[in-house]
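Novice: One structure is given below, represented as structure tokens, and several questions about it will come after.
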Amino acid sequence: MAADEEKYILGKQGERRMKGRTITVPVVTGTCAFYLGKKASEYQSHRWTVYLRSPSGEDLQHVIKKVTFVLHESFTNPKRDVEVPPYELTEVGWGEFDIIVTVHFREDIREAPLELYHRLKLYDDTGAANPKKPVVQEVYDEIVLWQPTEDFFNRYATHTARAAPPSQLAQFYTAFNPEAEYQRIQRARQRLAQIRANVENTAAQLEAQEAAGAGWAGS
Amino acid sequence: MGDVKDILGVPREGLAPPPSKSKKKDEPKLVKPKGMSREAFALLSASHPLMPSQLMDDIRKKEGVAGLKEKARRDPRGVVTFQWRKFSNPARGDGLELEHWVKCYRDAQGRVTPADTGEYSFAKYNKKPPIMRYNDEEWKNLIKKEPGWSREETDYLLDMCQRFELRFVAIADRYEFPGAPERSIEDLKARYYGVARQLLVGREGGPESVANNLLVRHPFNAQHEKERKRGLELLMQRSREQDEAENEILQQAAQIEAKRKAEAAARKAAAGPAAAAAAGGSSQQGPAAAREVQEFRAQEEPGVPPLFDEEAQPKAPDKGAVARGQHARELVEAVAARQQGKAAKALEGALAEIKMDQFPRCPTRAVCGAYIALQREVIELLELKRNVQAKQHMLAGMKRAKREEDGDETPSQKRQRMGK
């Protein structure tokens with residue numbers, strides 16, 4: 001059995017934490033905005049929903065205790081808590097602003113709440129407004145839990161994933177493909193490496209020219 | 001004739017004159033505010049009311065000034081008059097009195113006061129350097145007794161310094177002390193600065209507090225001065241031929257250096273092209289063969305921190321819970337912001353060219369690492385390109401210079417042409 005100092009470190013409250021280990025929780029913050037069409041007024045042109053979900057449709061309650069959405073101050077009670085998934089909040093309004101999505105973790109994770117930011121998008125890039133087609137903006141991020149507590153780590157290891165409660169907005173969700181993006185970036189880097197090799201070649205030739213050219217004078 | 005009348009607008013017989021301006025309404029009359037000039041007022045019109053009275057409010061600054069035209073005529077001090085008066089210059093020692101014109105004001109009662117009171121305005125430019133003098137005590141205790149410098153001669157020297165304000169050229173020229181040998185400027189300077197330094201250090205009590213003073217920091221070095229002046233003399237007197245001979249020697253030295261460098265570079269190039277040819281050949285087969293591109297794994301490895309720093313090296317987060325995408329995005333933006341001016345634009349352009357200007361949509365561990373590394377590689381490549389370009393410019397310049405030289409001019413002819 002490895003010595004305890006190699007596996008654990010102590011946290012601020014004296015709790016045991018897993019040294020050098022990481023738990024990653026991918027999440028997606030999104031907004032889905034519907035133009036109200038005929039029913040739109042000057043101050044209520046859209047009905048929109050802000051939400052937090054797992055990109056794989058997994059239930060996140062084993063990590064998240066509650067999600068707080070902080071809206072623009074012009075909304076009454078701008079701080080809205082959602083304790084039960086789906087972590088969604090629907091409102092009507094007319095303006096685009098930044099929503100603070102605060103994730104509160106389960107007790108045994110012993111971490112301060114994490115703030116994510118999401119810009120509410122009401123109008124798409126063409127500027128057209130169709131009551132039937134919502135304007136969806138989703139942002140993928142990963143919550144990185146570095147050196148998690150022993151309790152949570154063990155609980156997580158034995159946790160079986162299950163599906164999140166279904167949402168009305170599921171049909172509008174977007175897909176994410178991290179593997180494809182990674183390959184794309186790597187291909188670009190390989191092309192860059194190629195160009196760099198050529199440039200370094202040219203540089204070496206110039207060096208030789210420079211040294212030789214200096215010897216031409218007067219001889 | 002009839003056309004002429006038509007042109008002039010003279011009414012034909014029986015016809016009424018063309019409808020006159022009586023139909024047009026006259027523009028409402030504007031009242032010219034007092035103090036506004038006629039020309040300025042003429043620019044105003046009622047169709048664009050500008051409230052000329054409001055314009056005037058800005059111009060009316062002082063109380064008692066009615067407007068533009070009425071300047072401050074009455075200076076409270078009175079009317080300006082000039083008087084021929086005697087004056088003395090406090091900078092003079094002999095009390096000479098001269099006369100000059102003085103600007104004065106004559107007020108209502110007839111009293112006359114000069115415009116500038118106070119001492120003669122040029123007296124303040126009479127600055128003299130402070131010369132320290134010793135008393136008998138200090139002479140006995142502080143001043144080193146230099147052989148050949150009697151007390152009287154040292155006093156005489158200090159008097160001369162005071163009189164000529166430390167202009168040693170003049171002092172040396174007029175230096176005449178009975179019984180003293182010929183003193184060069186360096187001798188006089190050495191003695192004076194030596195005395196001054198000893199006095200300064202002695203009065204302060206120790207060298208530490210005055211260590212910053214120039215006298216202490218850089219003591220006068222007569223030998224150095226003599227050599228410096230001699231060197232300058234030689235330079236002035238060198239003939240044209242000597243100059244040319246020297247230049248030739250320098251050129252030959254440069255050639256020998258260059259030959260040596262060329263040999264070294266040739267040796268490197270002989271080793272280099274062999275390796276470069278091998279890489280170039282394999283690169284035609286496939287991009288992976290030429291250069292290894294670092295891989296990033298999506299899986300978290302135990303013991304390896306999950307985030308990345310600017311060099312795409314693993315880095316531990318500051319807090320227990322962070323958002324990876326947020327962190328990576330801030331990092332990338334910080335690196336881009338550090339690029340200056342042209343480099344910043346070049347970076348943007350290069351990323352846009354390979355369609356990597358947007359931050360990735362799925363910031364997983366692998367994607368973050370790869371993107372940060374990509375940014376770093378683009379920056380390095382751009383720098384490399386800049387260096388190569390600079391080198392190309394320099395080589396072109398060198399070639400141009402060589403061409404000029406290899407023409408008909410010798411270096412001395414070129415100097416003549418350039419007016420040396």
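Ordering of the structure tokens sets the chain letters (A, B, ...), residue numbers begin anew at 1 in every chain, and ligands are numbered from 1 in the order given.
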Env of region 9-19 of chain A: 9 Å cut, atoms = only C-alpha atoms, seq-sep filter 5 positions within chain, self excluded. Answer as a ChimeraX atom specification.
Specialist: /A:4,110,146-151,153 /B:302-303
Novice: Show which residues sit within 7 Å of Leu52 (chain A), as a list of chain:residue names. Count only C-alpha atoms, and ignore same-chain residues fewer than 4 positions away.
Specialist: A:Val27, A:Val28, A:Thr29, A:Gly30, A:Tyr87, A:Glu88
Novice: Just C-alpha atoms for this one: save the residues we selected as a compact mmCIF listing (two decimals), in the first residue's frame.
Specialist:
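Contents of selection34.txt, as written:
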```txt
# COMPACT_ATOMS: atom_id res chain seq x y z
CA VAL A 27 -21.22 21.25 -18.90
CA VAL A 28 -22.99 23.39 -21.45
CA THR A 29 -24.51 26.79 -20.66
CA GLY A 30 -27.11 27.82 -23.17
CA TYR A 87 -31.53 23.68 -14.48
CA GLU A 88 -33.55 26.14 -16.53
```
Novice: Output as a ChimeraX atom specification the set of chain B residues within 6 Å of chain A, with distances taken over only C-alpha atoms.
Specialist: /B:255,258-259,261-262,265,302-303,320-325,362,367,374,388
Novice: For the residues in the current selection, export N, CA, C and O atoms as a PDB file, in the first residue's frame.
Specialist:
```
ATOM      1  N   GLN B 255      38.702  42.139 -43.603  1.00  0.00           N
ATOM      2  CA  GLN B 255      38.664  41.035 -44.581  1.00  0.00           C
ATOM      3  C   GLN B 255      39.097  39.728 -43.950  1.00  0.00           C
ATOM      4  O   GLN B 255      38.484  38.687 -44.162  1.00  0.00           O
ATOM      5  N   ALA B 258      36.339  38.387 -41.905  1.00  0.00           N
ATOM      6  CA  ALA B 258      35.249  37.858 -42.711  1.00  0.00           C
ATOM      7  C   ALA B 258      35.604  36.494 -43.284  1.00  0.00           C
ATOM      8  O   ALA B 258      34.792  35.579 -43.312  1.00  0.00           O
ATOM      9  N   LYS B 259      36.871  36.379 -43.725  1.00  0.00           N
ATOM     10  CA  LYS B 259      37.298  35.077 -44.288  1.00  0.00           C
ATOM     11  C   LYS B 259      37.167  33.998 -43.242  1.00  0.00           C
ATOM     12  O   LYS B 259      36.667  32.905 -43.509  1.00  0.00           O
ATOM     13  N   LYS B 261      35.138  33.930 -40.715  1.00  0.00           N
ATOM     14  CA  LYS B 261      33.726  33.630 -40.484  1.00  0.00           C
ATOM     15  C   LYS B 261      33.159  32.792 -41.607  1.00  0.00           C
ATOM     16  O   LYS B 261      32.372  31.869 -41.397  1.00  0.00           O
ATOM     17  N   ALA B 262      33.597  33.096 -42.844  1.00  0.00           N
ATOM     18  CA  ALA B 262      33.072  32.353 -43.982  1.00  0.00           C
ATOM     19  C   ALA B 262      33.467  30.886 -43.876  1.00  0.00           C
ATOM     20  O   ALA B 262      32.661  30.000 -44.138  1.00  0.00           O
ATOM     21  N   ALA B 265      31.207  29.234 -41.366  1.00  0.00           N
ATOM     22  CA  ALA B 265      29.853  29.028 -41.882  1.00  0.00           C
ATOM     23  C   ALA B 265      29.835  27.937 -42.939  1.00  0.00           C
ATOM     24  O   ALA B 265      28.902  27.131 -42.999  1.00  0.00           O
ATOM     25  N   PRO B 302      -3.214  10.780 -13.718  1.00  0.00           N
ATOM     26  CA  PRO B 302      -3.006  11.071 -12.285  1.00  0.00           C
ATOM     27  C   PRO B 302      -1.652  11.738 -12.086  1.00  0.00           C
ATOM     28  O   PRO B 302      -0.650  11.325 -12.660  1.00  0.00           O
ATOM     29  N   GLY B 303      -1.651  12.781 -11.283  1.00  0.00           N
ATOM     30  CA  GLY B 303      -0.408  13.481 -10.998  1.00  0.00           C
ATOM     31  C   GLY B 303      -0.124  14.625 -11.944  1.00  0.00           C
ATOM     32  O   GLY B 303       0.680  15.502 -11.633  1.00  0.00           O
ATOM     33  N   GLY B 320      -9.755  25.021  -6.282  1.00  0.00           N
ATOM     34  CA  GLY B 320     -10.119  23.623  -6.452  1.00  0.00           C
ATOM     35  C   GLY B 320     -11.063  23.396  -7.607  1.00  0.00           C
ATOM     36  O   GLY B 320     -11.081  22.322  -8.203  1.00  0.00           O
ATOM     37  N   ALA B 321     -11.883  24.410  -7.923  1.00  0.00           N
ATOM     38  CA  ALA B 321     -12.859  24.246  -9.000  1.00  0.00           C
ATOM     39  C   ALA B 321     -12.692  25.401  -9.976  1.00  0.00           C
ATOM     40  O   ALA B 321     -12.836  26.556  -9.611  1.00  0.00           O
ATOM     41  N   VAL B 322     -12.324  25.082 -11.230  1.00  0.00           N
ATOM     42  CA  VAL B 322     -12.202  26.128 -12.254  1.00  0.00           C
ATOM     43  C   VAL B 322     -12.906  25.665 -13.523  1.00  0.00           C
ATOM     44  O   VAL B 322     -13.119  24.472 -13.724  1.00  0.00           O
ATOM     45  N   ALA B 323     -13.190  26.649 -14.373  1.00  0.00           N
ATOM     46  CA  ALA B 323     -13.775  26.322 -15.672  1.00  0.00           C
ATOM     47  C   ALA B 323     -12.641  26.344 -16.685  1.00  0.00           C
ATOM     48  O   ALA B 323     -12.011  27.376 -16.906  1.00  0.00           O
ATOM     49  N   ARG B 324     -12.371  25.196 -17.301  1.00  0.00           N
ATOM     50  CA  ARG B 324     -11.204  25.079 -18.179  1.00  0.00           C
ATOM     51  C   ARG B 324     -11.287  26.019 -19.379  1.00  0.00           C
ATOM     52  O   ARG B 324     -10.294  26.665 -19.725  1.00  0.00           O
ATOM     53  N   GLY B 325     -12.449  26.088 -20.014  1.00  0.00           N
ATOM     54  CA  GLY B 325     -12.581  26.936 -21.201  1.00  0.00           C
ATOM     55  C   GLY B 325     -12.313  28.389 -20.883  1.00  0.00           C
ATOM     56  O   GLY B 325     -11.597  29.085 -21.593  1.00  0.00           O
ATOM     57  N   CYS B 362     -15.110  23.411 -28.277  1.00  0.00           N
ATOM     58  CA  CYS B 362     -15.131  22.378 -27.233  1.00  0.00           C
ATOM     59  C   CYS B 362     -13.816  22.389 -26.482  1.00  0.00           C
ATOM     60  O   CYS B 362     -12.911  21.616 -26.829  1.00  0.00           O
ATOM     61  N   VAL B 367      -7.975  19.686 -26.609  1.00  0.00           N
ATOM     62  CA  VAL B 367      -8.188  20.822 -27.502  1.00  0.00           C
ATOM     63  C   VAL B 367      -7.524  22.076 -26.939  1.00  0.00           C
ATOM     64  O   VAL B 367      -6.879  22.837 -27.675  1.00  0.00           O
ATOM     65  N   LEU B 374      -0.723  25.858 -30.654  1.00  0.00           N
ATOM     66  CA  LEU B 374      -0.859  26.436 -31.991  1.00  0.00           C
ATOM     67  C   LEU B 374      -0.544  27.922 -31.975  1.00  0.00           C
ATOM     68  O   LEU B 374       0.221  28.428 -32.802  1.00  0.00           O
ATOM     69  N   VAL B 388      14.161  36.529 -40.935  1.00  0.00           N
ATOM     70  CA  VAL B 388      14.675  36.177 -42.265  1.00  0.00           C
ATOM     71  C   VAL B 388      14.568  37.373 -43.191  1.00  0.00           C
ATOM     72  O   VAL B 388      15.491  37.702 -43.939  1.00  0.00           O
TER      73      VAL B 388
END
```
Novice: Could you pull the residues within 10 Å of His62 (chain A), counting only C-alpha atoms, minus those fewer than 4 positions along the same chain, as a ChimeraX atom specification?
Specialist: /A:105-106,152,155-156,159-161
Novice: Kindly export the residues of the current selection with N, CA, C and O atoms, as a PDB file, in the first residue's frame.
Specialist:
```
ATOM      1  N   PHE A 105     -21.797  23.445  -5.560  1.00  0.00           N
ATOM      2  CA  PHE A 105     -21.437  22.027  -5.522  1.00  0.00           C
ATOM      3  C   PHE A 105     -22.032  21.347  -4.309  1.00  0.00           C
ATOM      4  O   PHE A 105     -22.404  21.963  -3.315  1.00  0.00           O
ATOM      5  N   ARG A 106     -22.068  20.009  -4.378  1.00  0.00           N
ATOM      6  CA  ARG A 106     -22.515  19.199  -3.248  1.00  0.00           C
ATOM      7  C   ARG A 106     -21.582  19.439  -2.065  1.00  0.00           C
ATOM      8  O   ARG A 106     -20.402  19.767  -2.230  1.00  0.00           O
ATOM      9  N   PHE A 152     -15.734  12.713  -1.991  1.00  0.00           N
ATOM     10  CA  PHE A 152     -16.359  12.890  -3.293  1.00  0.00           C
ATOM     11  C   PHE A 152     -15.725  11.969  -4.315  1.00  0.00           C
ATOM     12  O   PHE A 152     -16.416  11.391  -5.166  1.00  0.00           O
ATOM     13  N   ARG A 155     -17.108   8.559  -3.955  1.00  0.00           N
ATOM     14  CA  ARG A 155     -18.509   8.545  -4.371  1.00  0.00           C
ATOM     15  C   ARG A 155     -18.583   8.574  -5.891  1.00  0.00           C
ATOM     16  O   ARG A 155     -19.361   7.858  -6.523  1.00  0.00           O
ATOM     17  N   TYR A 156     -17.738   9.438  -6.487  1.00  0.00           N
ATOM     18  CA  TYR A 156     -17.737   9.579  -7.941  1.00  0.00           C
ATOM     19  C   TYR A 156     -17.319   8.292  -8.629  1.00  0.00           C
ATOM     20  O   TYR A 156     -17.861   7.921  -9.679  1.00  0.00           O
ATOM     21  N   HIS A 159     -20.160   5.992  -8.851  1.00  0.00           N
ATOM     22  CA  HIS A 159     -21.421   6.549  -9.367  1.00  0.00           C
ATOM     23  C   HIS A 159     -21.717   6.004 -10.748  1.00  0.00           C
ATOM     24  O   HIS A 159     -20.830   5.904 -11.603  1.00  0.00           O
ATOM     25  N   THR A 160     -22.969   5.594 -10.954  1.00  0.00           N
ATOM     26  CA  THR A 160     -23.370   5.184 -12.298  1.00  0.00           C
ATOM     27  C   THR A 160     -24.128   6.326 -12.948  1.00  0.00           C
ATOM     28  O   THR A 160     -25.033   6.905 -12.350  1.00  0.00           O
ATOM     29  N   ALA A 161     -23.726   6.606 -14.168  1.00  0.00           N
ATOM     30  CA  ALA A 161     -24.359   7.728 -14.866  1.00  0.00           C
ATOM     31  C   ALA A 161     -25.788   7.370 -15.212  1.00  0.00           C
ATOM     32  O   ALA A 161     -26.088   6.230 -15.557  1.00  0.00           O
TER      33      ALA A 161
END
```
Novice: Tell me which protein, DNA and RNA residues are within 12 Å of Lys345 (chain B), counting only C-alpha atoms, leaving out same-chain ones fewer than 6 positions away, and put them as a list of chain:residue names.
Specialist: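 Residues near the query, excluding close chain neighbours: B:Ala336, B:Ala337, B:Arg338, B:Gln339, B:Leu351, B:Ala352, B:Asp357, B:Ile379, B:Leu382.
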Novice: Find the spatial neighbours of Arg203 (chain B), counting only C-alpha atoms, within a cut-off of 12 Å - ignore same-chain residues fewer than 4 positions away - and output them as a ChimeraX atom specification.
Specialist: /B:132-135,137-138,141-143,196-199,207,209-210
Novice: CA of Gln326 (chain B) and CA of Lys355 (chain B) are how many Å apart?
Specialist: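 Computed distance, CA of Gln326 (chain B) to CA of Lys355 (chain B), equals 21.0 Å.
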Novice: Counting only C-alpha atoms, what is within 12 Å of Ala128 (chain A), bar same-chain residues fewer than 5 positions away, as a ChimeraX atom specification?
Specialist: /A:34-35,37,122-123,133-135
Novice: Take the residues from that selection and write them out as a PDB file, in the first residue's frame, keeping N, CA and C atoms.
Specialist:
```
ATOM      1  N   PHE A  34     -37.021  32.782 -28.131  1.00  0.00           N
ATOM      2  CA  PHE A  34     -38.106  32.786 -29.130  1.00  0.00           C
ATOM      3  C   PHE A  34     -38.616  34.207 -29.310  1.00  0.00           C
ATOM      4  N   TYR A  35     -38.720  34.617 -30.575  1.00  0.00           N
ATOM      5  CA  TYR A  35     -39.326  35.918 -30.859  1.00  0.00           C
ATOM      6  C   TYR A  35     -40.835  35.777 -30.706  1.00  0.00           C
ATOM      7  N   GLY A  37     -43.192  37.469 -31.948  1.00  0.00           N
ATOM      8  CA  GLY A  37     -43.991  37.735 -33.147  1.00  0.00           C
ATOM      9  C   GLY A  37     -45.073  38.761 -32.909  1.00  0.00           C
ATOM     10  N   LEU A 122     -30.465  37.195 -28.457  1.00  0.00           N
ATOM     11  CA  LEU A 122     -31.844  37.202 -28.902  1.00  0.00           C
ATOM     12  C   LEU A 122     -31.956  37.253 -30.415  1.00  0.00           C
ATOM     13  N   TYR A 123     -30.989  37.918 -31.036  1.00  0.00           N
ATOM     14  CA  TYR A 123     -31.076  38.122 -32.477  1.00  0.00           C
ATOM     15  C   TYR A 123     -29.962  37.342 -33.137  1.00  0.00           C
ATOM     16  N   LYS A 133     -38.599  29.711 -35.062  1.00  0.00           N
ATOM     17  CA  LYS A 133     -37.227  29.211 -34.956  1.00  0.00           C
ATOM     18  C   LYS A 133     -36.509  29.992 -33.861  1.00  0.00           C
ATOM     19  N   PRO A 134     -36.120  29.312 -32.788  1.00  0.00           N
ATOM     20  CA  PRO A 134     -35.468  30.061 -31.707  1.00  0.00           C
ATOM     21  C   PRO A 134     -33.999  30.346 -32.036  1.00  0.00           C
ATOM     22  N   VAL A 135     -33.471  31.382 -31.383  1.00  0.00           N
ATOM     23  CA  VAL A 135     -32.045  31.699 -31.506  1.00  0.00           C
ATOM     24  C   VAL A 135     -31.342  31.006 -30.343  1.00  0.00           C
TER      25      VAL A 135
END
```
Novice: Report the distance between CA of Ala129 (chain A) and CA of Ala170 (chain A) in Å, rounded to one decimal place.
Specialist: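 According to the coordinates, CA of Ala129 (chain A) and CA of Ala170 (chain A) are separated by 20.8 Å.
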Novice: Residues at most 12 Å from Glu146 (chain B), counting only C-alpha atoms, excluding those fewer than 4 positions away in the same chain, as number ranges by chain?
Specialist: B: 139, 150-151, 153-154, 187, 190-192, 194-195
Novice: Quick check, in Å to one decimal: how far apart do CA of Ala396 (chain B) and CA of Ala270 (chain B) lie?
Specialist: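 Taking CA of Ala396 (chain B) and CA of Ala270 (chain B), their separation equals 23.8 Å.
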Novice: If you run DSSP on this backbone, which residues of region 28-209 of chain A come out as strand (DSSP E), and could you give them as number ranges by chain?
Specialist: A: 28-35, 46-53, 64-70, 79-82, 87-93, 98-105, 114-119, 135-146
